[in-house]
Each structure stands twice: as structure tokens, then as C-alpha cells.
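Trainee: File follows, data-v5.txt with compact mmCIF, C-alpha atoms:
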```
# COMPACT_ATOMS: atom_id res chain seq x y z
CA ARG A 1 0.00 0.00 0.00
CA ASP A 2 2.99 2.32 0.35
CA ASN A 3 3.14 2.53 -3.46
CA ASP A 4 -0.60 3.13 -3.92
CA LEU A 5 -1.82 6.50 -5.17
CA ARG A 6 -3.16 8.83 -2.48
CA TYR A 7 -5.54 11.74 -3.07
CA GLU A 8 -7.20 14.38 -0.96
CA ILE A 9 -10.83 13.79 -0.05
CA SER A 10 -13.33 15.87 -2.05
CA GLU A 11 -17.09 16.17 -2.20
CA ILE A 12 -18.95 13.71 -4.41
CA ASP A 13 -19.50 15.93 -7.43
CA THR A 14 -18.63 14.41 -10.79
CA SER A 15 -18.86 17.81 -12.49
CA SER A 16 -16.40 19.41 -10.08
CA ASP A 17 -12.93 20.47 -11.18
CA ALA A 18 -11.59 19.01 -7.89
CA ILE A 19 -10.57 15.69 -9.41
CA ALA A 20 -7.42 13.62 -9.16
CA VAL A 21 -5.68 12.86 -12.46
CA SER A 22 -2.93 10.31 -12.82
CA GLN A 23 -1.50 8.15 -15.58
CA LEU A 24 0.00 4.70 -16.03
CA THR A 25 2.33 3.91 -18.93
CA TYR A 26 2.41 0.55 -20.67
CA ASN A 27 4.35 -0.61 -23.73
CA ILE A 28 2.07 -2.72 -25.90
CA GLU A 29 2.11 -4.25 -29.37
CA PRO A 30 -0.27 -3.00 -32.10
CA ASP A 31 -3.58 -4.81 -31.60
CA ASN A 32 -7.09 -4.50 -30.17
CA TYR A 33 -7.28 -4.48 -26.37
CA TYR A 34 -9.87 -4.55 -23.63
CA PHE A 35 -8.89 -2.82 -20.40
CA ALA A 36 -10.39 -2.03 -17.03
CA ILE A 37 -9.37 0.29 -14.19
CA GLU A 38 -10.68 -0.06 -10.65
CA MET A 39 -10.24 2.33 -7.72
CA GLN A 40 -11.32 1.85 -4.12
CA ASP A 41 -11.69 4.50 -1.41
CA TRP A 42 -9.95 3.19 1.71
CA TYR A 43 -12.33 5.00 4.06
CA SER A 44 -15.74 4.36 2.53
CA GLU A 45 -14.69 1.19 0.66
CA ASN A 46 -16.62 2.48 -2.34
CA VAL A 47 -15.33 1.06 -5.61
CA GLY A 48 -15.37 2.71 -9.02
CA THR A 49 -14.65 0.81 -12.24
CA PHE A 50 -13.98 1.99 -15.78
CA ARG A 51 -13.93 -0.38 -18.77
CA ASP A 52 -13.21 0.33 -22.39
CA GLU A 53 -11.71 -1.02 -25.61
CA LEU A 54 -8.50 0.25 -27.17
CA TYR A 55 -7.03 -0.08 -30.64
CA ALA A 56 -3.25 0.36 -30.70
CA GLU A 57 -2.33 1.40 -34.23
CA GLU A 58 0.86 0.22 -35.91
CA TYR A 59 3.14 3.14 -36.79
CA GLY A 60 5.84 2.94 -39.46
CA TYR A 61 7.88 5.17 -41.74
CA GLU A 62 6.28 4.64 -45.13
CA THR A 63 3.11 6.73 -45.14
CA LEU A 64 1.45 9.74 -43.52
CA GLN A 65 0.09 8.99 -40.04
CA MET A 66 -1.13 10.89 -37.01
CA SER A 67 -1.54 10.14 -33.32
CA ASP A 68 -4.80 9.93 -31.46
CA ILE A 69 -6.24 13.28 -30.39
CA GLN A 70 -5.65 14.17 -26.74
CA LEU A 71 -8.24 16.49 -25.19
CA SER A 72 -6.93 18.73 -22.43
CA TRP A 73 -8.03 21.36 -19.93
CA ASN A 74 -4.98 23.47 -20.71
CA ILE A 75 -1.64 23.25 -22.54
CA THR A 76 1.37 25.48 -21.84
CA PHE A 77 5.07 25.47 -22.63
CA VAL A 78 7.57 24.20 -20.09
CA ASP A 79 10.25 26.35 -21.75
CA GLU A 80 8.91 28.93 -24.21
CA LEU A 81 12.35 29.31 -25.81
CA GLU A 82 12.52 25.65 -26.86
CA ARG A 83 10.78 24.01 -29.83
CA ILE A 84 7.46 22.24 -29.47
CA THR A 85 7.84 18.65 -28.33
CA ARG A 86 5.73 16.46 -26.07
CA ASP A 87 8.33 16.77 -23.31
CA ASN A 88 8.33 20.57 -23.58
CA LEU A 89 4.57 20.85 -23.00
CA ASP A 90 2.64 20.80 -19.76
CA ILE A 91 -0.60 19.07 -20.76
CA GLU A 92 -3.44 18.93 -18.24
CA PRO A 93 -5.35 15.83 -19.37
CA ASN A 94 -9.12 15.79 -19.55
CA PRO A 95 -9.93 12.08 -19.16
CA ARG A 96 -13.65 12.78 -18.74
CA ARG A 97 -13.63 14.51 -22.14
CA PHE A 98 -16.19 17.13 -21.19
CA PHE A 99 -16.05 20.90 -21.23
CA TYR A 100 -18.30 23.70 -20.06
CA LYS A 101 -19.71 25.91 -22.79
CA ASP A 102 -17.54 28.85 -21.72
CA GLN A 103 -14.32 26.79 -21.71
CA PRO A 104 -11.90 26.62 -24.64
CA ILE A 105 -11.10 23.17 -26.02
CA PHE A 106 -7.41 22.24 -26.02
CA ILE A 107 -6.18 19.60 -28.45
CA TYR A 108 -2.77 17.90 -28.72
CA TYR A 109 -1.75 15.62 -31.59
CA GLU A 110 1.30 14.54 -33.58
CA ILE A 111 1.86 14.10 -37.32
CA TYR A 112 4.33 11.54 -38.69
CA ASN A 113 6.10 10.93 -42.03
CA LEU A 114 5.52 14.26 -43.73
CA LEU A 115 7.21 14.49 -47.14
CA MET A 116 10.13 16.92 -47.25
CA ASN A 117 10.37 19.30 -50.21
CA ASP A 118 13.77 18.61 -51.80
CA LEU A 119 14.29 22.18 -53.02
CA GLN A 120 13.18 24.08 -49.91
CA GLY A 121 13.90 21.45 -47.27
CA THR A 122 10.49 22.04 -45.67
CA THR A 123 7.16 20.29 -45.30
CA GLY A 124 3.74 21.72 -46.08
CA TYR A 125 0.49 20.44 -44.65
CA THR A 126 -3.12 21.51 -44.10
CA VAL A 127 -5.15 20.79 -40.96
CA GLU A 128 -8.93 20.86 -41.06
CA TYR A 129 -11.22 20.14 -38.14
CA SER A 130 -14.93 19.97 -37.49
CA LEU A 131 -17.43 19.26 -34.72
CA GLN A 132 -20.54 17.16 -35.27
CA TYR A 133 -23.42 17.15 -32.82
CA LEU A 134 -24.38 13.53 -32.13
CA GLU A 135 -27.96 13.86 -30.89
CA ASP A 136 -30.82 14.31 -33.36
CA ASP A 137 -30.17 14.36 -37.08
CA LEU A 138 -28.38 17.69 -37.30
CA PRO A 139 -25.95 18.75 -40.04
CA TRP A 140 -22.23 19.23 -39.58
CA ILE A 141 -21.38 22.34 -37.58
CA THR A 142 -18.82 24.53 -39.35
CA ASN A 143 -19.37 27.95 -37.77
CA PHE A 144 -18.45 27.10 -34.19
CA VAL A 145 -15.10 28.88 -33.99
CA ARG A 146 -14.79 32.23 -32.29
CA ASN A 147 -11.00 32.24 -32.18
CA LEU A 148 -8.31 29.66 -32.92
CA VAL A 149 -4.80 29.77 -31.49
CA LEU A 150 -2.09 27.52 -32.94
CA ASN A 151 0.53 26.42 -30.42
CA ASP A 152 -0.50 29.22 -28.03
CA ASP A 153 1.34 31.69 -30.23
CA ARG A 154 -0.22 32.30 -33.62
CA GLU A 155 -3.83 33.50 -33.58
CA LEU A 156 -5.69 32.28 -36.65
CA GLY A 157 -9.03 33.98 -36.04
CA VAL A 158 -12.29 32.41 -37.17
CA THR A 159 -11.34 29.38 -39.24
CA THR A 160 -11.65 25.60 -39.32
CA LYS A 161 -8.71 25.06 -41.67
CA PHE A 162 -5.12 26.28 -41.75
CA THR A 163 -1.92 25.52 -43.65
CA ASN A 164 1.46 25.29 -41.99
CA ARG A 165 5.10 24.60 -42.87
CA GLY A 166 7.78 22.76 -40.93
CA THR A 167 11.39 21.65 -41.12
CA GLU A 168 10.96 18.10 -39.77
CA ASP A 169 9.06 15.09 -41.07
CA GLU A 170 7.27 14.89 -37.70
CA GLU A 171 5.24 17.63 -36.04
CA ALA A 172 3.88 18.02 -32.50
CA LEU A 173 0.96 20.45 -32.46
CA PHE A 174 -1.64 21.80 -30.12
CA LEU A 175 -4.64 24.06 -30.60
CA ARG A 176 -6.79 26.18 -28.34
CA VAL A 177 -10.28 26.49 -29.76
CA ASP A 178 -12.42 29.33 -28.39
CA HIS A 179 -15.85 28.37 -29.69
CA ASN A 180 -19.37 29.79 -29.71
CA LEU A 181 -21.30 26.55 -29.26
CA THR A 182 -24.45 26.92 -27.18
CA LYS A 183 -26.03 23.48 -27.47
CA THR A 184 -25.03 21.02 -24.76
CA GLY A 185 -24.56 17.33 -25.39
CA PRO A 186 -22.20 14.94 -27.19
CA TYR A 187 -19.98 15.97 -30.11
CA ARG A 188 -17.49 14.27 -32.37
CA LEU A 189 -14.36 16.32 -33.11
CA THR A 190 -12.61 15.24 -36.32
CA LEU A 191 -9.13 16.28 -37.46
CA THR A 192 -8.01 15.81 -41.07
CA VAL A 193 -4.33 16.34 -41.95
CA THR A 194 -3.29 16.62 -45.61
CA ASP A 195 0.34 16.42 -46.71
CA ASN A 196 0.34 18.96 -49.53
CA SER A 197 3.58 17.65 -51.05
CA ALA A 198 2.55 13.98 -51.05
CA ALA A 199 -1.16 14.65 -51.72
CA LYS A 200 -2.13 12.24 -48.92
CA SER A 201 -4.53 12.68 -46.02
CA VAL A 202 -5.15 11.04 -42.65
CA GLN A 203 -8.05 11.52 -40.26
CA LYS A 204 -8.75 10.91 -36.55
CA SER A 205 -11.77 11.60 -34.33
CA VAL A 206 -12.52 11.89 -30.62
CA LEU A 207 -15.77 12.19 -28.66
CA LEU A 208 -16.45 14.99 -26.16
CA ARG A 209 -19.40 16.50 -24.34
CA LEU A 210 -20.42 20.09 -23.58
CA PHE A 211 -22.19 21.02 -20.33
CA GLU A 212 -23.97 24.12 -19.13
CA ASN A 213 -21.72 26.73 -17.53
CA ARG A 214 -21.32 26.53 -13.78
```
Represent the structure from my file as C-alpha cells, please.

Mentor:
Amino acid sequence: RDNDLRYEISEIDTSSDAIAVSQLTYNIEPDNYYFAIEMQDWYSENVGTFRDELYAEEYGYETLQMSDIQLSWNITFVDELERITRDNLDIEPNPRRFFYKDQPIFIYYEIYNLLMNDLQGTTGYTVEYSLQYLEDDLPWITNFVRNLVLNDDRELGVTTKFTNRGTEDEEALFLRVDHNLTKTGPYRLTLTVTDNSAAKSVQKSVLLRLFENR
């Protein structure tokens, strides 16, 4: 028990920001997995269990690929003078994947195997993203952006698509999306990355939920 995780006691409020967040790291082979996590309160002996399925994608060097999308409460630089890497970012994970309507949505993802331009020695790629409301038969929402900030530095204004250049065949990126969504409920956020030099695209999605403001 000396190595068990210990947290401060908080009120039973699943919508509260007073939550304990931790992570466990496992090295696994590409495959489909079923996993479960169980936590017990020593004092009340209450037990909470989470179960889900996981697909671990195989990553190589031959074609354009991207990581899963990580939703976060906030993302900041550890050292603002250094380049963007996973180790140089302080990412506050949002494992519940819900946001209040007045909260920005932070997204972290990585792009792999971008084609380098032989003449300029750079890459060129386009990122497009969208949110789809998952209740009722509503159309795709494309006018949800109030302000978009790329890597907490470059403000892109009202847009759902942007083009960027890099000097490496891999890119670590994060976005802060200040939106104007007013309808609560479940959404699917989809990111599409297009390598403009190779004329190839890759797409990933993640589910999230919006709640009324506190």
C-alpha cells in the first residue's frame, strides 16, 4: 500500500474540477485491447470501475500517419524558448472529455512521415477540423469557432482550416479552440491532416461533451 496513489478527499461531485488525475504507462504491441481500471476508497470502501476497448495502431515510416487526439483542460510550454515537443509541453489531461460551454477546447496531436520538399527542405500540410453534434439528425457544424490559437502563439481567427510549414518530417501540435457553441450534449471532433507535397490525407476523431456553464 505504500506505493498506492493517495488523493485528498473531495465532495462527491462528478462535475467538479476538484478531481485527481494520474496516468500509467504501458508498452504494448499493435492490436485490439480490452482494459479495465478499478479504484477503491480506503475510508468508505466504495469502488469505481472503468472499462473500455483500445485499438493500438501500428506506426511505421512509409506513409502519412497521425496520433490519437488528446483532449486537455490546458496546454502550456515548459520552456517557451525551446521548440514544441511532447516533453516541452505541460498538458493537463481531460480524461472525462467534457467541457463547459464557456471553456476553450485544447487539443494535442502529432503528425508523422511528412514528405520533405527537396528544393526548400520544408514540409507543407493543411489541418482541417470539425465538430458534429451527435444527438438528433443535425448537419455538420462549421461555424463554431470564435477564435483559434495555434501552439498558443499564432492567432488564426475564425477558421476551421489552416496551412502550416515545418522543417521536420514529424510535427507536434496543439490548438486552443475558443468556440461559440451553445447546445449542450455529445460531439465528435474530427481532425483531417493533408500532406500537400505527397497529396495524402489522414483523419482521426474523438468524442467529447459540452455542459452548461457553472

Trainee: Which residue is closest to A:Tyr125? Choose from A:Glu168, A:Asp87, A:Glu53, A:Glu58 and count only C-alpha atoms.

Mentor: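 When distances to A:Tyr125 are compared using only C-alpha atoms, the smallest one comes from A:Glu168.
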
Trainee: Which polymer residues have any atom within 7 Å of an atom of A:Tyr133, counting only C-alpha atoms, with same-chain residues fewer than 2 positions away left out, as a list in words?

Mentor: Leu131, Glu135, Leu138, Pro186, Tyr187 and Arg188 of chain A

Trainee: Counting all atoms listed in the file, figure out which residue out of A:Leu181, A:Ala199, A:Leu173, A:Leu119 gets nearest to A:Gln103.

Mentor: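 Of A:Leu181, A:Ala199, A:Leu173, A:Leu119, the one nearest A:Gln103 is A:Leu181, counting all atoms listed in the file.
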
Trainee: Work out how far atom CA of A:Val177 is from atom CA of A:Ser197, in Å to one decimal.

Mentor: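 Result for atom CA of A:Ser197 versus atom CA of A:Val177: 26.9 Å, one decimal.
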
Trainee: When you look at A:Met39 with a cut-off of 9 Å (counting all atoms listed in the file), what residues show up, excluding the ones that are within fewer than 3 positions of it in the same chain? I need them as a ChimeraX atom specification.

Mentor: /A:46-50

Trainee: Quick check, in Å to one decimal: how far apart do atom CA of A:Asp102 and atom CA of A:Arg209 lie?

Mentor: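 Spanning atom CA of A:Asp102 to atom CA of A:Arg209 is a straight-line distance of 12.8 Å.
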
Trainee: In terms of the shortest atom-to-atom distance over only C-alpha atoms, which of A:Ala36, A:Leu64, A:Asn164, A:Asn113 is closest to A:Arg51?

Mentor: A:Ala36

Trainee: Give me stretch 58-133 of chain A from this structure - C-alpha atoms, as a CSV table (one decimal), in the first residue's frame.

Mentor:
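Heads up, here's the output in selection_13.csv:
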```csv
chain,number,residue,atom,x,y,z
A,58,GLU,CA,0.9,0.2,-35.9
A,59,TYR,CA,3.1,3.1,-36.8
A,60,GLY,CA,5.8,2.9,-39.5
A,61,TYR,CA,7.9,5.2,-41.7
A,62,GLU,CA,6.3,4.6,-45.1
A,63,THR,CA,3.1,6.7,-45.1
A,64,LEU,CA,1.5,9.7,-43.5
A,65,GLN,CA,0.1,9.0,-40.0
A,66,MET,CA,-1.1,10.9,-37.0
A,67,SER,CA,-1.5,10.1,-33.3
A,68,ASP,CA,-4.8,9.9,-31.5
A,69,ILE,CA,-6.2,13.3,-30.4
A,70,GLN,CA,-5.7,14.2,-26.7
A,71,LEU,CA,-8.2,16.5,-25.2
A,72,SER,CA,-6.9,18.7,-22.4
A,73,TRP,CA,-8.0,21.4,-19.9
A,74,ASN,CA,-5.0,23.5,-20.7
A,75,ILE,CA,-1.6,23.3,-22.5
A,76,THR,CA,1.4,25.5,-21.8
A,77,PHE,CA,5.1,25.5,-22.6
A,78,VAL,CA,7.6,24.2,-20.1
A,79,ASP,CA,10.2,26.3,-21.7
A,80,GLU,CA,8.9,28.9,-24.2
A,81,LEU,CA,12.4,29.3,-25.8
A,82,GLU,CA,12.5,25.6,-26.9
A,83,ARG,CA,10.8,24.0,-29.8
A,84,ILE,CA,7.5,22.2,-29.5
A,85,THR,CA,7.8,18.6,-28.3
A,86,ARG,CA,5.7,16.5,-26.1
A,87,ASP,CA,8.3,16.8,-23.3
A,88,ASN,CA,8.3,20.6,-23.6
A,89,LEU,CA,4.6,20.8,-23.0
A,90,ASP,CA,2.6,20.8,-19.8
A,91,ILE,CA,-0.6,19.1,-20.8
A,92,GLU,CA,-3.4,18.9,-18.2
A,93,PRO,CA,-5.4,15.8,-19.4
A,94,ASN,CA,-9.1,15.8,-19.5
A,95,PRO,CA,-9.9,12.1,-19.2
A,96,ARG,CA,-13.7,12.8,-18.7
A,97,ARG,CA,-13.6,14.5,-22.1
A,98,PHE,CA,-16.2,17.1,-21.2
A,99,PHE,CA,-16.0,20.9,-21.2
A,100,TYR,CA,-18.3,23.7,-20.1
A,101,LYS,CA,-19.7,25.9,-22.8
A,102,ASP,CA,-17.5,28.9,-21.7
A,103,GLN,CA,-14.3,26.8,-21.7
A,104,PRO,CA,-11.9,26.6,-24.6
A,105,ILE,CA,-11.1,23.2,-26.0
A,106,PHE,CA,-7.4,22.2,-26.0
A,107,ILE,CA,-6.2,19.6,-28.5
A,108,TYR,CA,-2.8,17.9,-28.7
A,109,TYR,CA,-1.7,15.6,-31.6
A,110,GLU,CA,1.3,14.5,-33.6
A,111,ILE,CA,1.9,14.1,-37.3
A,112,TYR,CA,4.3,11.5,-38.7
A,113,ASN,CA,6.1,10.9,-42.0
A,114,LEU,CA,5.5,14.3,-43.7
A,115,LEU,CA,7.2,14.5,-47.1
A,116,MET,CA,10.1,16.9,-47.3
A,117,ASN,CA,10.4,19.3,-50.2
A,118,ASP,CA,13.8,18.6,-51.8
A,119,LEU,CA,14.3,22.2,-53.0
A,120,GLN,CA,13.2,24.1,-49.9
A,121,GLY,CA,13.9,21.4,-47.3
A,122,THR,CA,10.5,22.0,-45.7
A,123,THR,CA,7.2,20.3,-45.3
A,124,GLY,CA,3.7,21.7,-46.1
A,125,TYR,CA,0.5,20.4,-44.6
A,126,THR,CA,-3.1,21.5,-44.1
A,127,VAL,CA,-5.2,20.8,-41.0
A,128,GLU,CA,-8.9,20.9,-41.1
A,129,TYR,CA,-11.2,20.1,-38.1
A,130,SER,CA,-14.9,20.0,-37.5
A,131,LEU,CA,-17.4,19.3,-34.7
A,132,GLN,CA,-20.5,17.2,-35.3
A,133,TYR,CA,-23.4,17.1,-32.8
```
